[in-house]
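Next comes upload_22.cif, a file with mmCIF, C-alpha atoms.
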```
data_structure
loop_
_atom_site.group_PDB
_atom_site.id
_atom_site.type_symbol
_atom_site.label_atom_id
_atom_site.label_comp_id
_atom_site.auth_asym_id
_atom_site.auth_seq_id
_atom_site.Cartn_x
_atom_site.Cartn_y
_atom_site.Cartn_z
ATOM 1 C CA MET D 28 -10.025 14.833 38.095
ATOM 2 C CA LYS D 29 -12.455 15.419 35.241
ATOM 3 C CA ALA D 30 -11.257 17.480 32.283
ATOM 4 C CA ASP D 31 -13.244 20.045 30.310
ATOM 5 C CA ILE D 32 -14.388 17.407 27.839
ATOM 6 C CA THR D 33 -17.879 16.728 26.548
ATOM 7 C CA ALA D 34 -18.637 13.126 25.627
ATOM 8 C CA THR D 35 -21.109 12.568 22.803
ATOM 9 C CA ILE D 36 -22.727 9.163 22.351
ATOM 10 C CA ILE D 37 -25.012 8.271 19.454
ATOM 11 C CA THR D 38 -27.612 5.660 20.393
ATOM 12 C CA LEU D 39 -30.517 3.595 19.130
ATOM 13 C CA ASN D 40 -31.949 0.971 21.486
ATOM 14 C CA GLU D 41 -28.726 0.546 23.466
ATOM 15 C CA GLU D 42 -30.136 -0.287 26.909
ATOM 16 C CA LYS D 43 -27.696 -3.225 27.188
ATOM 17 C CA ASN D 44 -24.638 -1.053 26.610
ATOM 18 C CA ILE D 45 -25.312 2.517 27.656
ATOM 19 C CA LYS D 46 -24.671 2.139 31.392
ATOM 20 C CA GLU D 47 -21.132 0.755 31.099
ATOM 21 C CA CYS D 48 -20.303 3.258 28.389
ATOM 22 C CA ILE D 49 -21.369 6.257 30.487
ATOM 23 C CA LEU D 50 -19.666 4.961 33.633
ATOM 24 C CA SER D 51 -16.311 4.807 31.842
ATOM 25 C CA LEU D 52 -16.794 8.327 30.460
ATOM 26 C CA LYS D 53 -17.663 9.850 33.820
ATOM 27 C CA GLU D 54 -14.058 9.251 34.874
ATOM 28 C CA VAL D 55 -12.796 11.963 32.503
ATOM 29 C CA CYS D 56 -15.715 13.972 31.088
ATOM 30 C CA SER D 57 -17.457 16.897 32.769
ATOM 31 C CA GLU D 58 -20.455 16.619 30.433
ATOM 32 C CA ILE D 59 -22.118 13.700 28.639
ATOM 33 C CA LEU D 60 -24.541 14.186 25.736
ATOM 34 C CA VAL D 61 -26.547 11.275 24.349
ATOM 35 C CA ILE D 62 -27.790 11.864 20.801
ATOM 36 C CA ASP D 63 -30.593 9.341 20.570
ATOM 37 C CA SER D 64 -32.185 8.207 17.306
ATOM 38 C CA LEU D 65 -35.661 7.768 18.841
ATOM 39 C CA SER D 66 -35.007 4.605 20.863
ATOM 40 C CA SER D 67 -38.000 2.477 21.844
ATOM 41 C CA ASP D 68 -36.283 0.789 24.815
ATOM 42 C CA LYS D 69 -34.938 2.237 28.091
ATOM 43 C CA THR D 70 -31.758 3.776 26.671
ATOM 44 C CA CYS D 71 -32.787 7.358 27.412
ATOM 45 C CA GLU D 72 -34.086 6.639 30.927
ATOM 46 C CA ILE D 73 -30.862 4.855 31.899
ATOM 47 C CA ALA D 74 -28.706 7.632 30.447
ATOM 48 C CA GLU D 75 -30.611 10.383 32.263
ATOM 49 C CA ALA D 76 -30.486 8.460 35.553
ATOM 50 C CA LEU D 77 -26.679 8.420 35.205
ATOM 51 C CA GLY D 78 -26.538 12.186 34.714
ATOM 52 C CA ALA D 79 -26.314 12.376 30.933
ATOM 53 C CA LYS D 80 -28.281 14.894 28.896
ATOM 54 C CA VAL D 81 -30.407 13.203 26.224
ATOM 55 C CA ILE D 82 -31.110 14.934 22.911
ATOM 56 C CA LYS D 83 -33.486 13.179 20.530
ATOM 57 C CA GLN D 84 -32.630 13.389 16.866
ATOM 58 C CA ARG D 85 -33.801 11.189 14.021
ATOM 59 C CA TYR D 86 -30.823 9.374 12.497
ATOM 60 C CA LEU D 87 -28.981 11.547 9.971
ATOM 61 C CA GLY D 88 -26.269 9.089 8.958
ATOM 62 C CA ASP D 89 -23.140 8.084 10.862
ATOM 63 C CA GLY D 90 -21.066 11.212 10.244
ATOM 64 C CA ALA D 91 -23.893 13.718 10.486
ATOM 65 C CA GLN D 92 -25.242 12.120 13.668
ATOM 66 C CA LYS D 93 -21.840 12.253 15.353
ATOM 67 C CA ALA D 94 -21.315 15.834 14.202
ATOM 68 C CA PHE D 95 -24.760 16.888 15.459
ATOM 69 C CA GLY D 96 -23.836 16.931 19.144
ATOM 70 C CA ALA D 97 -20.621 18.984 18.898
ATOM 71 C CA PRO D 98 -22.254 22.464 18.611
ATOM 72 C CA LEU D 99 -24.425 21.635 21.636
ATOM 73 C CA ALA D 100 -21.449 20.897 23.891
ATOM 74 C CA SER D 101 -20.349 23.215 26.696
ATOM 75 C CA ASN D 102 -16.676 22.332 26.112
ATOM 76 C CA ARG D 103 -14.486 22.727 23.051
ATOM 77 C CA TRP D 104 -12.966 19.250 23.416
ATOM 78 C CA ILE D 105 -15.288 16.434 22.335
ATOM 79 C CA LEU D 106 -14.911 12.717 23.049
ATOM 80 C CA SER D 107 -17.097 10.905 20.548
ATOM 81 C CA ILE D 108 -17.931 7.309 21.381
ATOM 82 C CA ASP D 109 -20.469 4.669 20.404
ATOM 83 C CA ALA D 110 -22.653 3.026 23.032
ATOM 84 C CA ASP D 111 -20.964 -0.353 22.519
ATOM 85 C CA GLU D 112 -17.542 1.149 23.259
ATOM 86 C CA ARG D 113 -15.752 1.824 26.560
ATOM 87 C CA LEU D 114 -12.584 3.519 27.737
ATOM 88 C CA ASP D 115 -10.230 1.057 29.392
ATOM 89 C CA SER D 116 -8.135 2.042 32.428
ATOM 90 C CA LYS D 117 -5.104 3.037 30.316
ATOM 91 C CA ALA D 118 -7.248 5.240 28.082
ATOM 92 C CA ILE D 119 -8.728 6.963 31.122
ATOM 93 C CA GLU D 120 -5.252 7.554 32.536
ATOM 94 C CA ALA D 121 -3.926 8.787 29.189
ATOM 95 C CA ILE D 122 -6.729 11.333 28.874
ATOM 96 C CA LYS D 123 -6.177 12.558 32.426
ATOM 97 C CA ASN D 124 -2.507 13.168 31.624
ATOM 98 C CA LEU D 125 -3.232 15.337 28.559
ATOM 99 C CA ASP D 126 -2.777 19.100 28.704
ATOM 100 C CA LEU D 127 -5.562 20.058 26.333
ATOM 101 C CA ASP D 128 -5.036 23.796 26.834
ATOM 102 C CA THR D 129 -1.531 23.812 25.363
ATOM 103 C CA THR D 130 -1.418 20.760 23.089
ATOM 104 C CA PRO D 131 -0.341 21.413 19.467
ATOM 105 C CA TYR D 132 -2.663 18.634 18.276
ATOM 106 C CA ASP D 133 -6.219 19.019 17.042
ATOM 107 C CA ALA D 134 -7.216 15.476 17.941
ATOM 108 C CA PHE D 135 -6.152 12.196 19.555
ATOM 109 C CA SER D 136 -6.677 8.616 18.408
ATOM 110 C CA PHE D 137 -7.114 5.347 20.287
ATOM 111 C CA ALA D 138 -6.379 1.762 19.357
ATOM 112 C CA ARG D 139 -9.630 -0.180 19.372
ATOM 113 C CA LYS D 140 -9.977 -3.722 20.725
ATOM 114 C CA THR D 141 -13.046 -5.316 19.177
ATOM 115 C CA TYR D 142 -14.884 -8.283 20.642
ATOM 116 C CA ILE D 143 -17.411 -10.712 19.215
ATOM 117 C CA GLY D 144 -19.100 -12.086 22.296
ATOM 118 C CA LYS D 145 -16.249 -12.752 24.719
ATOM 119 C CA HIS D 146 -13.634 -13.200 22.015
ATOM 120 C CA PHE D 147 -11.060 -10.507 21.243
ATOM 121 C CA ILE D 148 -10.591 -10.347 17.471
ATOM 122 C CA LYS D 149 -6.837 -9.913 16.938
ATOM 123 C CA LEU D 150 -7.368 -9.559 13.189
ATOM 124 C CA TRP D 151 -8.942 -6.119 13.628
ATOM 125 C CA TYR D 152 -6.427 -4.724 16.119
ATOM 126 C CA PRO D 153 -5.279 -1.934 16.457
ATOM 127 C CA ASP D 154 -8.050 -0.393 14.267
ATOM 128 C CA ARG D 155 -7.122 3.200 15.202
ATOM 129 C CA VAL D 156 -9.996 5.656 15.583
ATOM 130 C CA THR D 157 -9.779 9.412 16.151
ATOM 131 C CA ARG D 158 -12.344 10.265 18.791
ATOM 132 C CA LEU D 159 -11.042 13.041 21.055
ATOM 133 C CA TYR D 160 -10.972 16.310 19.114
ATOM 134 C CA ASN D 161 -11.104 20.083 19.412
ATOM 135 C CA ARG D 162 -14.400 21.122 17.825
ATOM 136 C CA GLU D 163 -13.043 24.613 17.122
ATOM 137 C CA LYS D 164 -10.366 23.171 14.819
ATOM 138 C CA CYS D 165 -11.872 20.037 13.259
ATOM 139 C CA ALA D 166 -15.042 17.955 13.017
ATOM 140 C CA PHE D 167 -16.554 14.710 11.837
ATOM 141 C CA SER D 168 -17.150 14.438 8.121
ATOM 142 C CA THR D 169 -20.829 14.305 7.226
ATOM 143 C CA ALA D 170 -20.388 12.200 4.082
ATOM 144 C CA GLY D 171 -22.119 8.837 3.771
ATOM 145 C CA GLY D 172 -20.700 5.626 5.191
ATOM 146 C CA HIS D 173 -18.500 5.408 8.266
ATOM 147 C CA ALA D 174 -17.426 8.846 9.442
ATOM 148 C CA LYS D 175 -14.069 10.114 10.650
ATOM 149 C CA VAL D 176 -12.654 13.275 12.192
ATOM 150 C CA GLU D 177 -11.038 15.293 9.422
ATOM 151 C CA THR D 178 -7.632 16.615 10.494
ATOM 152 C CA SER D 179 -3.982 15.750 9.936
ATOM 153 C CA LYS D 180 -2.811 16.947 13.365
ATOM 154 C CA VAL D 181 -3.614 13.746 15.261
ATOM 155 C CA LYS D 182 -1.617 12.246 18.131
ATOM 156 C CA ALA D 183 -1.863 8.466 18.602
ATOM 157 C CA LEU D 184 -2.396 7.616 22.265
ATOM 158 C CA GLN D 185 -0.953 4.336 23.524
ATOM 159 C CA ALA D 186 -4.312 3.343 24.969
ATOM 160 C CA ASP D 187 -7.240 1.156 23.987
ATOM 161 C CA MET D 188 -10.900 1.762 23.452
ATOM 162 C CA LEU D 189 -12.871 -1.439 24.022
ATOM 163 C CA HIS D 190 -15.462 -2.237 21.368
ATOM 164 C CA TYR D 191 -18.142 -4.839 22.125
ATOM 165 C CA SER D 192 -19.259 -4.904 18.545
ATOM 166 C CA TYR D 193 -21.368 -8.075 18.245
ATOM 167 C CA GLU D 194 -22.920 -10.466 20.734
ATOM 168 C CA ASN D 195 -22.322 -13.411 18.385
ATOM 169 C CA TYR D 196 -21.574 -14.279 14.773
ATOM 170 C CA SER D 197 -25.251 -14.405 13.881
ATOM 171 C CA GLN D 198 -25.596 -10.742 14.815
ATOM 172 C CA MET D 199 -22.418 -9.929 12.888
ATOM 173 C CA ILE D 200 -23.796 -11.549 9.731
ATOM 174 C CA GLN D 201 -27.092 -9.648 10.030
ATOM 175 C CA THR D 202 -25.270 -6.345 10.481
ATOM 176 C CA THR D 203 -22.867 -7.130 7.652
ATOM 177 C CA HIS D 204 -25.849 -7.491 5.327
ATOM 178 C CA LYS D 205 -26.847 -3.891 6.094
ATOM 179 C CA PHE D 206 -23.316 -2.619 5.477
ATOM 180 C CA ILE D 207 -23.094 -4.502 2.172
ATOM 181 C CA THR D 208 -26.328 -2.965 0.897
ATOM 182 C CA ARG D 209 -25.456 0.521 2.105
ATOM 183 C CA GLY D 210 -21.940 0.322 0.667
ATOM 184 C CA ALA D 211 -23.214 -0.746 -2.749
ATOM 185 C CA LYS D 212 -25.843 2.004 -2.810
ATOM 186 C CA LEU D 213 -23.337 4.685 -1.824
ATOM 187 C CA ALA D 214 -20.851 3.491 -4.446
ATOM 188 C CA PHE D 215 -23.550 3.504 -7.140
ATOM 189 C CA LYS D 216 -24.733 6.963 -6.078
ATOM 190 C CA ASP D 217 -21.147 8.269 -6.273
ATOM 191 C CA GLY D 218 -20.899 7.064 -9.858
ATOM 192 C CA LYS D 219 -18.714 4.025 -9.215
ATOM 193 C CA ARG D 220 -19.248 1.128 -11.615
ATOM 194 C CA ALA D 221 -18.142 -2.501 -11.316
ATOM 195 C CA HIS D 222 -16.777 -4.935 -13.896
ATOM 196 C CA MET D 223 -17.813 -8.572 -14.179
ATOM 197 C CA LEU D 224 -14.732 -9.877 -12.357
ATOM 198 C CA ASP D 225 -14.832 -7.336 -9.511
ATOM 199 C CA PRO D 226 -16.805 -9.510 -7.063
ATOM 200 C CA PHE D 227 -14.225 -12.303 -7.439
ATOM 201 C CA THR D 228 -11.114 -10.137 -7.313
ATOM 202 C CA HIS D 229 -12.290 -8.084 -4.341
ATOM 203 C CA GLY D 230 -13.601 -11.129 -2.473
ATOM 204 C CA ILE D 231 -10.392 -13.117 -2.959
ATOM 205 C CA GLY D 232 -8.325 -10.029 -2.205
ATOM 206 C CA ALA D 233 -10.169 -9.454 1.088
ATOM 207 C CA LEU D 234 -9.655 -13.093 2.076
ATOM 208 C CA PHE D 235 -5.928 -12.985 1.247
ATOM 209 C CA LYS D 236 -5.458 -9.740 3.160
ATOM 210 C CA ALA D 237 -7.273 -11.033 6.246
ATOM 211 C CA LEU D 238 -5.706 -14.504 6.378
ATOM 212 C CA ILE D 239 -2.177 -13.843 5.107
ATOM 213 C CA LEU D 240 -1.239 -10.160 5.301
ATOM 214 C CA LYS D 241 -2.930 -9.622 8.689
ATOM 215 C CA GLY D 242 -2.196 -13.124 9.971
ATOM 216 C CA GLY D 243 -5.781 -14.192 10.541
ATOM 217 C CA ALA D 244 -4.898 -17.734 9.498
ATOM 218 C CA PHE D 245 -2.913 -18.024 12.736
ATOM 219 C CA HIS D 246 -5.599 -16.559 15.021
ATOM 220 C CA GLY D 247 -7.624 -19.745 15.348
ATOM 221 C CA ILE D 248 -11.244 -20.261 14.365
ATOM 222 C CA HIS D 249 -12.164 -16.630 15.113
ATOM 223 C CA GLY D 250 -9.555 -15.362 12.673
ATOM 224 C CA TRP D 251 -10.950 -17.637 9.972
ATOM 225 C CA ASN D 252 -14.561 -16.735 10.758
ATOM 226 C CA VAL D 253 -13.931 -13.011 10.471
ATOM 227 C CA ALA D 254 -11.817 -13.434 7.334
ATOM 228 C CA VAL D 255 -14.516 -15.425 5.536
ATOM 229 C CA ILE D 256 -17.277 -13.005 6.514
ATOM 230 C CA SER D 257 -15.131 -10.066 5.366
ATOM 231 C CA ALA D 258 -14.475 -11.757 2.031
ATOM 232 C CA PHE D 259 -18.174 -12.489 1.566
ATOM 233 C CA SER D 260 -18.985 -8.857 2.376
ATOM 234 C CA SER D 261 -16.529 -7.568 -0.211
ATOM 235 C CA TYR D 262 -17.746 -10.040 -2.846
ATOM 236 C CA MET D 263 -21.422 -9.209 -2.339
ATOM 237 C CA LYS D 264 -20.891 -5.444 -2.340
ATOM 238 C CA TYR D 265 -19.647 -5.645 -5.925
ATOM 239 C CA ALA D 266 -22.232 -8.257 -6.872
ATOM 240 C CA LEU D 267 -24.982 -5.865 -5.744
ATOM 241 C CA LEU D 268 -23.301 -2.998 -7.562
ATOM 242 C CA LEU D 269 -23.344 -5.046 -10.765
ATOM 243 C CA GLU D 270 -27.019 -5.792 -10.214
ATOM 244 C CA MET D 271 -27.786 -2.093 -9.793
ATOM 245 C CA GLN D 272 -25.999 -1.343 -13.058
ATOM 246 C CA GLU D 273 -28.035 -3.968 -14.867
ATOM 247 C CA ASN D 274 -31.265 -2.479 -13.561
ATOM 248 C CA GLU D 275 -30.222 1.122 -14.200
#
```

Represent the structure of the file as structure tokens.
Amino acid sequence: MKADITATIITLNEEKNIKECILSLKEVCSEILVIDSLSSDKTCEIAEALGAKVIKQRYLGDGAQKAFGAPLASNRWILSIDADERLDSKAIEAIKNLDLDTTPYDAFSFARKTYIGKHFIKLWYPDRVTRLYNREKCAFSTAGGHAKVETSKVKALQADMLHYSYENYSQMIQTTHKFITRGAKLAFKDGKRAHMLDPFTHGIGALFKALILKGGAFHGIHGWNVAVISAFSSYMKYALLLEMQENE
């Protein structure tokens, strides 16, 4: 039985992912809104054919784009999801068992299982994300960078959201480059300044955390791959920040 939940999906050229995403949401959501950042592929056509309502909106940033759809929803409970994510069977069952009319919580979080190609990346699990929320009590932050629902009254569901993040490591590296540049620019804009040793200390720190503290060293080649890419990302963020300071 579908609950009074509106799903909101932000998209940009997601024709490979949108169908499976919507099909998993239709199990529990009475309304599905796709907030599309002017896709040039068949994302919108596929979504509409599956019964979703498509709203075109030029990209506003991660938080602002996710917050954009909430006021347009018919329901007060919002399930925010990215096109490369899915609800697994336990998540669907967990949502169906919620009493959203009487719950004392403002929001619910899911553990997220991330994949690179066919490989589950244990290093990133559980990577909890708050995605089901009451829009009358809380909302996504609209600040730069990765957004989150701002509330302290969150219940952790024992259920997974599947995240098919990258098709391969090549795609991961290309995307990481964008995050590095954006992270450095946001830090510089916020007045943060780096010291000469920061690239080294943050890079080595990220590698130690991934390999030792999170056990990536024991997760096989995929644990090592992700750890090294994460360390490189951290190193280069501060290297770019130093460069921006020099050119200021």

Subject >> Test item: residues at most 12 Å from stretch 239-248 of chain D, all atoms listed in the file, excluding those fewer than 5 positions along its chain, as a PyMOL selection string >> reply: chain D and resi 146-154+196+231-234+253-255+257

Original post:
What does the PyMOL selection byres ((chain D and resi 187) around 10) select in this file, as a VMD selection string?
Top reply: chain D and resid 113 to 119 121 136 to 141 152 to 156 184 to 186 188 to 190

**OP:** Pick out the residues sitting within 12 Å of D:Thr228, and hand them over as a PyMOL selection string; count all atoms listed in the file, and ignore anything fewer than 2 positions along from it in its own chain.
**Re:** chain D and resi 221-226+230-236+258-259+261-266

**OP:** Please evaluate the PyMOL selection byres ((chain D and resi 127) around 9) against the displayed coordinates and give the resulting residues as a list in words.
**Re:** Ala30, Asp31, Trp104, Leu125, Asp126, Asp128, Thr129, Thr130, Pro131, Tyr132 and Asn161 of chain D

Take the residues from that selection and write them out as a tab-separated table (two decimals), keeping the file's coordinate frame, keeping C-alpha atoms.
```tsv
chain	number	residue	atom	x	y	z
D	30	ALA	CA	-11.26	17.48	32.28
D	31	ASP	CA	-13.24	20.05	30.31
D	104	TRP	CA	-12.97	19.25	23.42
D	125	LEU	CA	-3.23	15.34	28.56
D	126	ASP	CA	-2.78	19.10	28.70
D	128	ASP	CA	-5.04	23.80	26.83
D	129	THR	CA	-1.53	23.81	25.36
D	130	THR	CA	-1.42	20.76	23.09
D	131	PRO	CA	-0.34	21.41	19.47
D	132	TYR	CA	-2.66	18.63	18.28
D	161	ASN	CA	-11.10	20.08	19.41
```

Original post:
Do you know which residues the PyMOL selection byres ((chain D and resi 67) around 10) returns on this file, as a PyMOL selection string?
Top reply: chain D and resi 39-42+64-66+68-71

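One finds atom CA of D:Met271 at 10.3 Å from atom CA of D:Lys216.
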
Step by step: start from the point (-19.3, 10.8, 35.6) in the file's coordinates, keep every protein, DNA or RNA residue that has an atom no farther than 12 Å from it, count all atoms listed in the file, and write the set as a compact mmCIF listing (two decimals) with C-alpha atoms, in the frame of the given file.
```txt
# COMPACT_ATOMS: atom_id res chain seq x y z
CA MET D 28 -10.02 14.83 38.10
CA LYS D 29 -12.46 15.42 35.24
CA ALA D 30 -11.26 17.48 32.28
CA ILE D 32 -14.39 17.41 27.84
CA THR D 33 -17.88 16.73 26.55
CA ALA D 34 -18.64 13.13 25.63
CA LYS D 46 -24.67 2.14 31.39
CA GLU D 47 -21.13 0.76 31.10
CA CYS D 48 -20.30 3.26 28.39
CA ILE D 49 -21.37 6.26 30.49
CA LEU D 50 -19.67 4.96 33.63
CA SER D 51 -16.31 4.81 31.84
CA LEU D 52 -16.79 8.33 30.46
CA LYS D 53 -17.66 9.85 33.82
CA GLU D 54 -14.06 9.25 34.87
CA VAL D 55 -12.80 11.96 32.50
CA CYS D 56 -15.72 13.97 31.09
CA SER D 57 -17.46 16.90 32.77
CA GLU D 58 -20.45 16.62 30.43
CA ILE D 59 -22.12 13.70 28.64
CA LEU D 60 -24.54 14.19 25.74
CA ALA D 74 -28.71 7.63 30.45
CA GLU D 75 -30.61 10.38 32.26
CA ALA D 76 -30.49 8.46 35.55
CA LEU D 77 -26.68 8.42 35.20
CA GLY D 78 -26.54 12.19 34.71
CA ALA D 79 -26.31 12.38 30.93
CA LYS D 80 -28.28 14.89 28.90
```

**OP:** Pick out the residues sitting within 12 Å of stretch 167-171 of chain D, and hand them over as a PyMOL selection string; count only C-alpha atoms, and ignore anything fewer than 2 positions along from it in its own chain.
**Re:** chain D and resi 87-98+105-107+134+156-165+173-178+206+209-214+216-217

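The interatomic distance for the pair atom CA of D:Gln272 and atom CA of D:Phe215 works out to 8.0 Å.
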
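Rounded to one decimal, atom CA of D:Lys83 and atom CA of D:Asn102 lie 19.9 Å from each other.
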